[in-house]
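Printed here is work-v3.pdb (PDB, C-alpha atoms):
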ATOM      1  CA  MET U   1      63.996  87.935  88.473  1.00  0.00           C
ATOM      2  CA  LYS U   2      65.617  91.259  89.318  1.00  0.00           C
ATOM      3  CA  LYS U   3      62.197  92.904  89.570  1.00  0.00           C
ATOM      4  CA  LYS U   4      61.063  90.217  92.014  1.00  0.00           C
ATOM      5  CA  ILE U   5      64.166  90.756  94.148  1.00  0.00           C
ATOM      6  CA  LEU U   6      63.654  94.521  94.067  1.00  0.00           C
ATOM      7  CA  VAL U   7      60.008  94.133  95.143  1.00  0.00           C
ATOM      8  CA  SER U   8      61.095  91.821  97.940  1.00  0.00           C
ATOM      9  CA  LEU U   9      63.701  94.350  99.089  1.00  0.00           C
ATOM     10  CA  ILE U  10      61.148  97.170  99.119  1.00  0.00           C
ATOM     11  CA  THR U  11      58.738  94.960 101.082  1.00  0.00           C
ATOM     12  CA  VAL U  12      61.426  94.135 103.660  1.00  0.00           C
ATOM     13  CA  LEU U  13      62.429  97.765 104.036  1.00  0.00           C
ATOM     14  CA  ALA U  14      58.784  98.866 104.384  1.00  0.00           C
ATOM     15  CA  PHE U  15      58.178  96.194 106.990  1.00  0.00           C
ATOM     16  CA  LEU U  16      61.226  97.262 108.968  1.00  0.00           C
ATOM     17  CA  GLN U  17      60.156 100.883 108.815  1.00  0.00           C
ATOM     18  CA  ILE U  18      56.663 100.037 110.097  1.00  0.00           C
ATOM     19  CA  GLN U  19      57.872  97.719 112.828  1.00  0.00           C
ATOM     20  CA  GLY U  20      61.054  99.542 113.757  1.00  0.00           C
ATOM     21  CA  CYS U  21      59.521 101.879 116.295  1.00  0.00           C
ATOM     22  CA  SER U  22      57.964  99.063 118.290  1.00  0.00           C
ATOM     23  CA  GLY U  23      61.316  97.385 118.853  1.00  0.00           C
ATOM     24  CA  ASP U  24      59.856  93.980 117.903  1.00  0.00           C
ATOM     25  CA  VAL U  25      62.109  93.503 114.870  1.00  0.00           C
ATOM     26  CA  THR U  26      65.878  93.238 115.083  1.00  0.00           C
ATOM     27  CA  ILE U  27      68.397  92.339 112.413  1.00  0.00           C
ATOM     28  CA  THR U  28      72.019  91.293 112.678  1.00  0.00           C
ATOM     29  CA  ASP U  29      74.893  93.422 111.401  1.00  0.00           C
ATOM     30  CA  GLU U  30      75.361  90.932 108.563  1.00  0.00           C
ATOM     31  CA  GLN U  31      71.695  91.191 107.530  1.00  0.00           C
ATOM     32  CA  GLU U  32      71.837  94.975 107.674  1.00  0.00           C
ATOM     33  CA  ASP U  33      74.964  94.934 105.521  1.00  0.00           C
ATOM     34  CA  ILE U  34      73.277  92.691 102.923  1.00  0.00           C
ATOM     35  CA  ILE U  35      70.246  94.991 102.734  1.00  0.00           C
ATOM     36  CA  SER U  36      72.444  98.091 102.476  1.00  0.00           C
ATOM     37  CA  GLN U  37      74.617  96.560  99.782  1.00  0.00           C
ATOM     38  CA  TYR U  38      71.634  95.496  97.689  1.00  0.00           C
ATOM     39  CA  ALA U  39      70.091  98.953  98.022  1.00  0.00           C
ATOM     40  CA  ALA U  40      73.410 100.421  96.872  1.00  0.00           C
ATOM     41  CA  GLY U  41      73.364  98.038  93.912  1.00  0.00           C
ATOM     42  CA  VAL U  42      69.905  99.213  92.863  1.00  0.00           C
ATOM     43  CA  MET U  43      71.112 102.795  93.157  1.00  0.00           C
ATOM     44  CA  LEU U  44      74.150 101.976  91.028  1.00  0.00           C
ATOM     45  CA  ARG U  45      72.046 100.296  88.349  1.00  0.00           C
ATOM     46  CA  TYR U  46      69.517 103.040  87.856  1.00  0.00           C
ATOM     47  CA  SER U  47      71.762 106.068  88.359  1.00  0.00           C
ATOM     48  CA  TYR U  48      73.200 105.349  84.910  1.00  0.00           C
ATOM     49  CA  GLU U  49      69.794 105.910  83.340  1.00  0.00           C
ATOM     50  CA  ASN U  50      69.637 109.614  84.200  1.00  0.00           C
ATOM     51  CA  GLU U  51      71.950 112.612  84.013  1.00  0.00           C
ATOM     52  CA  TRP U  52      73.500 112.228  87.454  1.00  0.00           C
ATOM     53  CA  LYS U  53      76.154 109.623  86.524  1.00  0.00           C
ATOM     54  CA  TYR U  54      77.955 109.988  89.855  1.00  0.00           C
ATOM     55  CA  THR U  55      78.711 113.686  89.524  1.00  0.00           C
ATOM     56  CA  LYS U  56      77.488 114.378  93.050  1.00  0.00           C
ATOM     57  CA  LEU U  57      79.167 111.279  94.459  1.00  0.00           C
ATOM     58  CA  TYR U  58      82.463 112.115  92.807  1.00  0.00           C
ATOM     59  CA  ASP U  59      82.294 115.691  94.073  1.00  0.00           C
ATOM     60  CA  ALA U  60      81.737 114.398  97.589  1.00  0.00           C
ATOM     61  CA  LEU U  61      84.666 111.981  97.387  1.00  0.00           C
ATOM     62  CA  TYR U  62      87.240 113.999  95.480  1.00  0.00           C
ATOM     63  CA  GLY U  63      85.992 117.588  95.362  1.00  0.00           C
ATOM     64  CA  TYR U  64      85.554 117.721  91.593  1.00  0.00           C
ATOM     65  CA  HIS U  65      83.804 115.953  88.758  1.00  0.00           C
ATOM     66  CA  LYS U  66      85.184 112.706  87.362  1.00  0.00           C
ATOM     67  CA  SER U  67      87.201 113.556  84.316  1.00  0.00           C
ATOM     68  CA  THR U  68      88.741 112.148  81.176  1.00  0.00           C
ATOM     69  CA  GLU U  69      91.768 114.113  80.175  1.00  0.00           C
ATOM     70  CA  SER U  70      94.579 114.052  77.654  1.00  0.00           C
ATOM     71  CA  GLU U  71      97.841 113.205  79.323  1.00  0.00           C
ATOM     72  CA  THR U  72     100.131 116.202  79.558  1.00  0.00           C
ATOM     73  CA  GLU U  73     103.511 116.016  81.202  1.00  0.00           C
ATOM     74  CA  THR U  74     104.527 119.053  83.225  1.00  0.00           C
ATOM     75  CA  SER U  75     108.169 120.025  83.296  1.00  0.00           C
ATOM     76  CA  SER U  76     110.162 120.909  86.399  1.00  0.00           C
ATOM     77  CA  SER U  77     113.786 121.426  87.336  1.00  0.00           C
ATOM     78  CA  LYS U  78     114.070 117.669  87.902  1.00  0.00           C
ATOM     79  CA  THR U  79     112.221 114.857  86.100  1.00  0.00           C
ATOM     80  CA  THR U  80     112.125 111.207  87.080  1.00  0.00           C
ATOM     81  CA  THR U  81     111.407 108.261  84.764  1.00  0.00           C
ATOM     82  CA  GLU U  82     109.602 105.523  86.658  1.00  0.00           C
ATOM     83  CA  ILE U  83     110.267 101.856  86.011  1.00  0.00           C
ATOM     84  CA  GLU U  84     106.883 100.114  85.757  1.00  0.00           C
ATOM     85  CA  SER U  85     106.323  96.556  87.009  1.00  0.00           C
ATOM     86  CA  THR U  86     103.271  94.328  87.343  1.00  0.00           C
ATOM     87  CA  THR U  87     104.884  92.777  90.421  1.00  0.00           C
ATOM     88  CA  LEU U  88     105.259  96.258  91.917  1.00  0.00           C
ATOM     89  CA  SER U  89     108.937  95.666  92.573  1.00  0.00           C
ATOM     90  CA  SER U  90     111.365  98.511  93.063  1.00  0.00           C
ATOM     91  CA  GLY U  91     113.358  99.735  90.102  1.00  0.00           C
ATOM     92  CA  SER U  92     115.690 102.592  89.307  1.00  0.00           C
ATOM     93  CA  SER U  93     115.384 105.749  87.284  1.00  0.00           C
ATOM     94  CA  SER U  94     117.467 108.687  86.305  1.00  0.00           C
ATOM     95  CA  GLY U  95     116.622 112.321  86.810  1.00  0.00           C
ATOM     96  CA  SER U  96     118.212 115.487  85.535  1.00  0.00           C
ATOM     97  CA  SER U  97     118.227 119.116  86.601  1.00  0.00           C
ATOM     98  CA  SER U  98     119.656 122.211  85.010  1.00  0.00           C
ATOM     99  CA  THR U  99     122.996 121.677  86.720  1.00  0.00           C
ATOM    100  CA  THR U 100     123.316 118.081  87.929  1.00  0.00           C
ATOM    101  CA  THR U 101     122.316 114.535  87.032  1.00  0.00           C
ATOM    102  CA  THR U 102     121.213 112.140  89.777  1.00  0.00           C
ATOM    103  CA  THR U 103     119.982 108.558  90.043  1.00  0.00           C
ATOM    104  CA  THR U 104     117.052 107.743  92.350  1.00  0.00           C
ATOM    105  CA  ALA U 105     114.878 104.745  93.122  1.00  0.00           C
ATOM    106  CA  ALA U 106     111.541 104.568  91.362  1.00  0.00           C
ATOM    107  CA  ALA U 107     108.444 104.530  93.539  1.00  0.00           C
ATOM    108  CA  SER U 108     106.961 101.083  94.204  1.00  0.00           C
ATOM    109  CA  LEU U 109     103.198 100.942  94.782  1.00  0.00           C
ATOM    110  CA  SER U 110     103.603  97.889  97.013  1.00  0.00           C
ATOM    111  CA  ASP U 111     105.718 100.073  99.303  1.00  0.00           C
ATOM    112  CA  THR U 112     103.814 103.341  99.074  1.00  0.00           C
ATOM    113  CA  LEU U 113     100.126 102.361  98.934  1.00  0.00           C
ATOM    114  CA  PRO U 114      99.766 100.849 102.429  1.00  0.00           C
ATOM    115  CA  THR U 115     101.090 104.006 104.093  1.00  0.00           C
ATOM    116  CA  ALA U 116      99.217 106.331 101.726  1.00  0.00           C
ATOM    117  CA  LEU U 117      95.934 104.551 102.443  1.00  0.00           C
ATOM    118  CA  GLY U 118      96.546 104.281 106.172  1.00  0.00           C
ATOM    119  CA  LEU U 119      96.949 100.488 106.085  1.00  0.00           C
ATOM    120  CA  THR U 120     100.486 100.310 107.428  1.00  0.00           C
ATOM    121  CA  SER U 121     100.093  96.800 108.838  1.00  0.00           C
ATOM    122  CA  CYS U 122      99.096  95.421 105.435  1.00  0.00           C
ATOM    123  CA  SER U 123     100.587  94.498 102.085  1.00  0.00           C
ATOM    124  CA  ILE U 124      98.761  95.723  98.958  1.00  0.00           C
ATOM    125  CA  ILE U 125      99.604  93.806  95.785  1.00  0.00           C
ATOM    126  CA  TYR U 126      98.273  94.229  92.244  1.00  0.00           C
ATOM    127  CA  SER U 127      96.697  90.940  91.178  1.00  0.00           C
ATOM    128  CA  LYS U 128      94.800  91.270  87.865  1.00  0.00           C
ATOM    129  CA  TYR U 129      92.460  93.350  85.754  1.00  0.00           C
ATOM    130  CA  SER U 130      89.209  92.747  83.890  1.00  0.00           C
ATOM    131  CA  VAL U 131      87.549  94.718  81.095  1.00  0.00           C
ATOM    132  CA  GLY U 132      84.002  94.441  79.797  1.00  0.00           C
ATOM    133  CA  SER U 133      80.423  95.674  79.982  1.00  0.00           C
ATOM    134  CA  SER U 134      80.337  95.538  83.776  1.00  0.00           C
ATOM    135  CA  TYR U 135      82.306  94.892  86.942  1.00  0.00           C
ATOM    136  CA  PRO U 136      82.282  92.118  87.925  1.00  0.00           C
ATOM    137  CA  LEU U 137      82.079  90.604  84.460  1.00  0.00           C
ATOM    138  CA  ASN U 138      79.418  88.055  85.426  1.00  0.00           C
ATOM    139  CA  PRO U 139      77.499  89.747  88.230  1.00  0.00           C
ATOM    140  CA  ASP U 140      74.954  87.897  90.353  1.00  0.00           C
ATOM    141  CA  SER U 141      73.983  90.861  92.517  1.00  0.00           C
ATOM    142  CA  ILE U 142      75.723  94.214  92.926  1.00  0.00           C
ATOM    143  CA  TYR U 143      77.662  95.445  89.921  1.00  0.00           C
ATOM    144  CA  VAL U 144      78.761  98.545  88.030  1.00  0.00           C
ATOM    145  CA  PRO U 145      77.598  98.689  84.388  1.00  0.00           C
ATOM    146  CA  ALA U 146      79.464 100.478  81.632  1.00  0.00           C
ATOM    147  CA  GLU U 147      78.176 103.820  80.443  1.00  0.00           C
ATOM    148  CA  SER U 148      77.094 104.247  76.839  1.00  0.00           C
ATOM    149  CA  ASP U 149      79.940 103.534  74.392  1.00  0.00           C
ATOM    150  CA  ARG U 150      82.264 102.668  77.293  1.00  0.00           C
ATOM    151  CA  VAL U 151      83.714  99.602  78.967  1.00  0.00           C
ATOM    152  CA  VAL U 152      84.546  99.133  82.627  1.00  0.00           C
ATOM    153  CA  VAL U 153      88.127  98.321  83.591  1.00  0.00           C
ATOM    154  CA  GLY U 154      88.486  96.761  87.034  1.00  0.00           C
ATOM    155  CA  VAL U 155      91.999  96.736  88.483  1.00  0.00           C
ATOM    156  CA  GLU U 156      92.128  94.354  91.439  1.00  0.00           C
ATOM    157  CA  PHE U 157      94.471  94.473  94.408  1.00  0.00           C
ATOM    158  CA  THR U 158      94.954  91.973  97.227  1.00  0.00           C
ATOM    159  CA  ILE U 159      95.188  93.467 100.720  1.00  0.00           C
ATOM    160  CA  VAL U 160      96.895  91.146 103.207  1.00  0.00           C
ATOM    161  CA  ASN U 161      96.704  91.843 106.939  1.00  0.00           C
ATOM    162  CA  ASN U 162     100.204  91.058 108.204  1.00  0.00           C
ATOM    163  CA  SER U 163      99.467  91.936 111.826  1.00  0.00           C
ATOM    164  CA  SER U 164      98.353  89.661 114.661  1.00  0.00           C
ATOM    165  CA  ALA U 165      95.040  91.455 115.102  1.00  0.00           C
ATOM    166  CA  ALA U 166      92.052  92.365 112.953  1.00  0.00           C
ATOM    167  CA  ILE U 167      92.183  95.777 111.281  1.00  0.00           C
ATOM    168  CA  THR U 168      89.409  98.069 110.094  1.00  0.00           C
ATOM    169  CA  ALA U 169      90.110  99.621 106.705  1.00  0.00           C
ATOM    170  CA  ASN U 170      88.898 103.172 106.042  1.00  0.00           C
ATOM    171  CA  THR U 171      90.485 104.777 102.983  1.00  0.00           C
ATOM    172  CA  THR U 172      87.882 107.331 101.856  1.00  0.00           C
ATOM    173  CA  ASN U 173      89.697 110.311 103.355  1.00  0.00           C
ATOM    174  CA  ALA U 174      93.204 109.177 102.385  1.00  0.00           C
ATOM    175  CA  GLY U 175      93.237 111.432  99.316  1.00  0.00           C
ATOM    176  CA  VAL U 176      94.767 108.867  96.961  1.00  0.00           C
ATOM    177  CA  LEU U 177      93.954 109.334  93.272  1.00  0.00           C
ATOM    178  CA  MET U 178      94.573 106.840  90.479  1.00  0.00           C
ATOM    179  CA  LYS U 179      94.653 107.255  86.701  1.00  0.00           C
ATOM    180  CA  LEU U 180      94.782 104.751  83.888  1.00  0.00           C
ATOM    181  CA  LYS U 181      96.682 105.807  80.773  1.00  0.00           C
ATOM    182  CA  VAL U 182      95.389 104.023  77.663  1.00  0.00           C
ATOM    183  CA  SER U 183      96.665 104.910  74.182  1.00  0.00           C
ATOM    184  CA  GLY U 184      98.010 108.248  75.378  1.00  0.00           C
ATOM    185  CA  THR U 185      94.928 109.402  77.307  1.00  0.00           C
ATOM    186  CA  SER U 186      94.512 109.235  81.082  1.00  0.00           C
ATOM    187  CA  TYR U 187      91.231 108.320  82.794  1.00  0.00           C
ATOM    188  CA  THR U 188      90.626 109.124  86.454  1.00  0.00           C
ATOM    189  CA  ASN U 189      89.435 106.364  88.787  1.00  0.00           C
ATOM    190  CA  TYR U 190      85.655 106.022  88.680  1.00  0.00           C
ATOM    191  CA  ALA U 191      83.606 106.732  91.810  1.00  0.00           C
ATOM    192  CA  THR U 192      81.463 103.762  92.895  1.00  0.00           C
ATOM    193  CA  LEU U 193      79.434 102.594  95.875  1.00  0.00           C
ATOM    194  CA  LEU U 194      81.013  99.133  95.856  1.00  0.00           C
ATOM    195  CA  LYS U 195      81.998  98.008  99.329  1.00  0.00           C
ATOM    196  CA  ASN U 196      85.369  96.738  98.081  1.00  0.00           C
ATOM    197  CA  SER U 197      86.382  99.926  96.219  1.00  0.00           C
ATOM    198  CA  LEU U 198      90.044 100.290  97.254  1.00  0.00           C
ATOM    199  CA  LEU U 199      90.026 104.083  97.484  1.00  0.00           C
ATOM    200  CA  THR U 200      86.738 104.313  99.402  1.00  0.00           C
ATOM    201  CA  LEU U 201      86.806 101.406 101.846  1.00  0.00           C
ATOM    202  CA  SER U 202      84.553 102.093 104.827  1.00  0.00           C
ATOM    203  CA  ASN U 203      84.759 100.032 108.030  1.00  0.00           C
ATOM    204  CA  VAL U 204      85.942  96.916 106.201  1.00  0.00           C
ATOM    205  CA  THR U 205      87.291  94.357 108.664  1.00  0.00           C
ATOM    206  CA  ILE U 206      90.254  92.192 107.644  1.00  0.00           C
ATOM    207  CA  ASN U 207      91.202  89.557 110.190  1.00  0.00           C
ATOM    208  CA  ALA U 208      94.790  88.780 111.138  1.00  0.00           C
ATOM    209  CA  GLY U 209      96.606  86.903 108.394  1.00  0.00           C
ATOM    210  CA  GLU U 210      93.670  87.112 105.998  1.00  0.00           C
ATOM    211  CA  SER U 211      93.428  88.762 102.593  1.00  0.00           C
ATOM    212  CA  TYR U 212      90.793  90.966 100.972  1.00  0.00           C
ATOM    213  CA  THR U 213      90.220  91.738  97.295  1.00  0.00           C
ATOM    214  CA  ALA U 214      89.702  95.426  96.530  1.00  0.00           C
ATOM    215  CA  VAL U 215      89.212  97.086  93.163  1.00  0.00           C
ATOM    216  CA  VAL U 216      89.731 100.396  91.390  1.00  0.00           C
ATOM    217  CA  LEU U 217      87.393 101.024  88.447  1.00  0.00           C
ATOM    218  CA  PHE U 218      87.787 103.072  85.273  1.00  0.00           C
ATOM    219  CA  GLN U 219      85.391 103.834  82.419  1.00  0.00           C
ATOM    220  CA  ILE U 220      87.115 104.102  79.042  1.00  0.00           C
ATOM    221  CA  PRO U 221      85.858 104.352  75.427  1.00  0.00           C
ATOM    222  CA  SER U 222      84.821 100.928  74.137  1.00  0.00           C
ATOM    223  CA  GLU U 223      87.120 101.206  71.129  1.00  0.00           C
ATOM    224  CA  LEU U 224      90.091 101.133  73.525  1.00  0.00           C
ATOM    225  CA  GLU U 225      89.127  97.787  75.049  1.00  0.00           C
ATOM    226  CA  GLY U 226      91.896  95.996  73.180  1.00  0.00           C
ATOM    227  CA  SER U 227      94.504  98.474  74.369  1.00  0.00           C
ATOM    228  CA  VAL U 228      94.084  97.919  78.121  1.00  0.00           C
ATOM    229  CA  ALA U 229      96.868  95.329  78.170  1.00  0.00           C
ATOM    230  CA  SER U 230     100.107  97.282  78.584  1.00  0.00           C
ATOM    231  CA  SER U 231      98.255 100.386  79.792  1.00  0.00           C
ATOM    232  CA  THR U 232      99.744 102.224  82.766  1.00  0.00           C
ATOM    233  CA  LEU U 233      98.121 102.833  86.139  1.00  0.00           C
ATOM    234  CA  THR U 234      99.548 105.655  88.260  1.00  0.00           C
ATOM    235  CA  ALA U 235      98.747 106.753  91.808  1.00  0.00           C
ATOM    236  CA  THR U 236      99.226 110.106  93.510  1.00  0.00           C
ATOM    237  CA  LYS U 237      98.532 111.642  96.893  1.00  0.00           C
ATOM    238  CA  ASP U 238      98.530 115.380  97.513  1.00  0.00           C
ATOM    239  CA  GLY U 239     100.076 115.828  94.081  1.00  0.00           C
ATOM    240  CA  GLU U 240     102.999 113.517  94.857  1.00  0.00           C
ATOM    241  CA  SER U 241     103.593 110.350  92.813  1.00  0.00           C
ATOM    242  CA  LEU U 242     103.182 107.008  94.575  1.00  0.00           C
ATOM    243  CA  GLY U 243     104.431 105.001  91.613  1.00  0.00           C
ATOM    244  CA  SER U 244     102.925 103.113  88.699  1.00  0.00           C
ATOM    245  CA  ILE U 245     102.288  99.657  87.276  1.00  0.00           C
ATOM    246  CA  THR U 246     101.724  98.226  83.814  1.00  0.00           C
ATOM    247  CA  LEU U 247      98.615  96.091  83.439  1.00  0.00           C
ATOM    248  CA  LYS U 248      99.277  92.635  82.060  1.00  0.00           C
TER     249      LYS U 248
END
What would the structure in this file look like if it were written as structure tokens?
Amino acid sequence: MKKKILVSLITVLAFLQIQGCSGDVTITDEQEDIISQYAAGVMLRYSYENEWKYTKLYDALYGYHKSTESETETSSSKTTTEIESTTLSSGSSSGSSSTTTTTTAAASLSDTLPTALGLTSCSIIYSKYSVGSSYPLNPDSIYVPAESDRVVVGVEFTIVNNSSAAITANTTNAGVLMKLKVSGTSYTNYATLLKNSLLTLSNVTINAGESYTAVVLFQIPSELEGSVASSTLTATKDGESLGSITLK
């Protein structure tokens, strides 16, 4: 079935290329988007079968290769313990320095993410996560498969446009980075070509009062699949913490 669809796509693209110069064939923005998204899906599917594995894409988005790293805490003159919440509500934490002890409010992703991503007229709320051999779990078209000996963790957020006008979401250049800490090891958010990738939204229109589901993906060792519940997701921008949540 997939081969038939792929052949059909190639035929359509070839036809458009042949006829495009004559001006006889026009397609709507929606049709163009469908073709582009399917082409991206094919690219996603087969890029996993060679050595590329998004190295070039990740470099383009973040300036360095995607990485899996052991979590190491750096010390400073003041440290802050964040209170984690799946509802992204504000909490409190205590910090200490060499001479004084202070109490500050913990960062709340629901408060910090909209501004950090340039979506100040929106609310961004963590909704749920999924873990399995692909994202989405039961794909019917475009999807991201797990690499060898890995599973894909999809952390979903709901973006709500609270303004009275439609907004266009573009978050690629926001510089927000997310990490998922599972069993003591942190995994950097995985670069994808999905249209609804929260950190790389491009010209996504959200009408007034409407919501949009966006996702952040991670690839983790398959043996850690059962440890995703209670894992911690953190977000930073320009090296500054935006807060954290616990997946439940």
inquiry  = Nearest residue to Leu199 of chain U out of U:Val228, U:Val182, U:Ile245, U:Val155, using all atoms listed in the file?
reply    =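 Going through U:Val228, U:Val182, U:Ile245, U:Val155 one by one, the smallest distance to Leu199 of chain U is for U:Val155.
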Counting all atoms listed in the file, closest pick from U:Lys128, U:Lys195, U:Lys181, U:Arg150 relative to Thr232 of chain U is U:Lys181
For atom CA of Leu177 of chain U and atom CA of Ala208 of chain U, the interatomic separation in Å (one decimal):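 Separating atom CA of Leu177 of chain U from atom CA of Ala208 of chain U is a distance of 27.2 Å.
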- Query: Which distance in Å separates atom CA of Ala166 of chain U and atom CA of Leu193 of chain U, to one decimal?
  - Reply: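 Atom CA of Ala166 of chain U sits 23.6 Å away from atom CA of Leu193 of chain U.
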The distance between atom CA of Ser130 of chain U and atom CA of Val153 of chain U is 5.7 Å
So which one's closest to Ile125 of chain U, U:Ser108, U:Ser202, U:Ser197, U:Asn138? Using only C-alpha atoms, please.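 So, comparing all the options, the nearest one is U:Ser108.
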Q) From the list U:Leu194, U:Phe218, U:Glu225, U:Asn207, which residue is nearest Tyr143 of chain U when using only C-alpha atoms? A)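 Using only C-alpha atoms, the shortest distance to Tyr143 of chain U belongs to U:Leu194.
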* Could you name the residues that touch Ala146 of chain U at 6 Å or less, counting all atoms listed in the file, but leaving out those on the same chain fewer than 5 positions away, as JSON, numbers by chain? -> {"U": [133, 134, 151, 152]}
TODO: Tell me, as a ChimeraX atom specification, which residues lie within 12 Å of Ser227 of chain U, counting only C-alpha atoms; anything in the same chain fewer than 2 positions away does not count.
DONE: /U:131,151,153,180-185,220-225,229-232,246-248
Selected residues, C-alpha atoms, written as a compact mmCIF listing (two decimals), keeping the file's coordinate frame, please.
# COMPACT_ATOMS: atom_id res chain seq x y z
CA VAL U 131 87.55 94.72 81.10
CA VAL U 151 83.71 99.60 78.97
CA VAL U 153 88.13 98.32 83.59
CA LEU U 180 94.78 104.75 83.89
CA LYS U 181 96.68 105.81 80.77
CA VAL U 182 95.39 104.02 77.66
CA SER U 183 96.66 104.91 74.18
CA GLY U 184 98.01 108.25 75.38
CA THR U 185 94.93 109.40 77.31
CA ILE U 220 87.12 104.10 79.04
CA PRO U 221 85.86 104.35 75.43
CA SER U 222 84.82 100.93 74.14
CA GLU U 223 87.12 101.21 71.13
CA LEU U 224 90.09 101.13 73.53
CA GLU U 225 89.13 97.79 75.05
CA ALA U 229 96.87 95.33 78.17
CA SER U 230 100.11 97.28 78.58
CA SER U 231 98.26 100.39 79.79
CA THR U 232 99.74 102.22 82.77
CA THR U 246 101.72 98.23 83.81
CA LEU U 247 98.62 96.09 83.44
CA LYS U 248 99.28 92.64 82.06
Checklist entry - What do you get, as a VMD selection string, if you spell out every residue that the PyMOL selection byres ((chain U and resi 109) around 7) selects here? => result chain U and resid 88 107 to 108 110 to 113 242 to 244
Using the file's own x, y and z axes, so that the box edges lie along x, y and z, what centre and edge lengths in Å (one decimal) does a box around every listed atom of segment 157-170 of chain U get when 6 Å is added on each side? Give it as AutoDock Vina command-line options.
--center_x 94.6 --center_y 96.4 --center_z 104.8 --size_x 23.3 --size_y 25.5 --size_z 32.7
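The nearest approach to Tyr190 of chain U among the residues U:Ala116, U:Ala235, U:Leu137, U:Met178, with all atoms listed in the file taken into account, belongs to U:Met178.
Using only C-alpha atoms, the nearest neighbour of Thr188 of chain U within the list U:Ser127, U:Thr234, U:Thr200, U:Ser163 is U:Thr234.
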The PyMOL selection byres ((chain U and resi 196) around 12) resolved against shown file, as a PDB file with C-alpha atoms, in the frame of the given file:
ATOM      1  CA  GLN U  37      74.617  96.560  99.782  1.00  0.00           C
ATOM      2  CA  TYR U 135      82.306  94.892  86.942  1.00  0.00           C
ATOM      3  CA  PRO U 136      82.282  92.118  87.925  1.00  0.00           C
ATOM      4  CA  ILE U 142      75.723  94.214  92.926  1.00  0.00           C
ATOM      5  CA  TYR U 143      77.662  95.445  89.921  1.00  0.00           C
ATOM      6  CA  GLY U 154      88.486  96.761  87.034  1.00  0.00           C
ATOM      7  CA  VAL U 155      91.999  96.736  88.483  1.00  0.00           C
ATOM      8  CA  GLU U 156      92.128  94.354  91.439  1.00  0.00           C
ATOM      9  CA  PHE U 157      94.471  94.473  94.408  1.00  0.00           C
ATOM     10  CA  THR U 158      94.954  91.973  97.227  1.00  0.00           C
ATOM     11  CA  ILE U 159      95.188  93.467 100.720  1.00  0.00           C
ATOM     12  CA  ALA U 169      90.110  99.621 106.705  1.00  0.00           C
ATOM     13  CA  ASN U 170      88.898 103.172 106.042  1.00  0.00           C
ATOM     14  CA  THR U 171      90.485 104.777 102.983  1.00  0.00           C
ATOM     15  CA  THR U 172      87.882 107.331 101.856  1.00  0.00           C
ATOM     16  CA  ALA U 191      83.606 106.732  91.810  1.00  0.00           C
ATOM     17  CA  THR U 192      81.463 103.762  92.895  1.00  0.00           C
ATOM     18  CA  LEU U 193      79.434 102.594  95.875  1.00  0.00           C
ATOM     19  CA  LEU U 194      81.013  99.133  95.856  1.00  0.00           C
ATOM     20  CA  LYS U 195      81.998  98.008  99.329  1.00  0.00           C
ATOM     21  CA  SER U 197      86.382  99.926  96.219  1.00  0.00           C
ATOM     22  CA  LEU U 198      90.044 100.290  97.254  1.00  0.00           C
ATOM     23  CA  LEU U 199      90.026 104.083  97.484  1.00  0.00           C
ATOM     24  CA  THR U 200      86.738 104.313  99.402  1.00  0.00           C
ATOM     25  CA  LEU U 201      86.806 101.406 101.846  1.00  0.00           C
ATOM     26  CA  SER U 202      84.553 102.093 104.827  1.00  0.00           C
ATOM     27  CA  ASN U 203      84.759 100.032 108.030  1.00  0.00           C
ATOM     28  CA  VAL U 204      85.942  96.916 106.201  1.00  0.00           C
ATOM     29  CA  THR U 205      87.291  94.357 108.664  1.00  0.00           C
ATOM     30  CA  ILE U 206      90.254  92.192 107.644  1.00  0.00           C
ATOM     31  CA  TYR U 212      90.793  90.966 100.972  1.00  0.00           C
ATOM     32  CA  THR U 213      90.220  91.738  97.295  1.00  0.00           C
ATOM     33  CA  ALA U 214      89.702  95.426  96.530  1.00  0.00           C
ATOM     34  CA  VAL U 215      89.212  97.086  93.163  1.00  0.00           C
ATOM     35  CA  VAL U 216      89.731 100.396  91.390  1.00  0.00           C
ATOM     36  CA  LEU U 217      87.393 101.024  88.447  1.00  0.00           C
TER      37      LEU U 217
END
On this structure, which residues satisfy the PyMOL selection byres ((chain U and resi 175) around 7), written as a ChimeraX atom specification?
/U:173-174,176-177,237-238
As a compact mmCIF listing (two decimals) with C-alpha atoms, in the coordinates of the input, please: the residues near Asn161 of chain U (cut-off 6 Å, only C-alpha atoms, same-chain neighbours under 5 positions excluded).
# COMPACT_ATOMS: atom_id res chain seq x y z
CA CYS U 122 99.10 95.42 105.44
CA ALA U 208 94.79 88.78 111.14
CA GLY U 209 96.61 86.90 108.39
CA GLU U 210 93.67 87.11 106.00
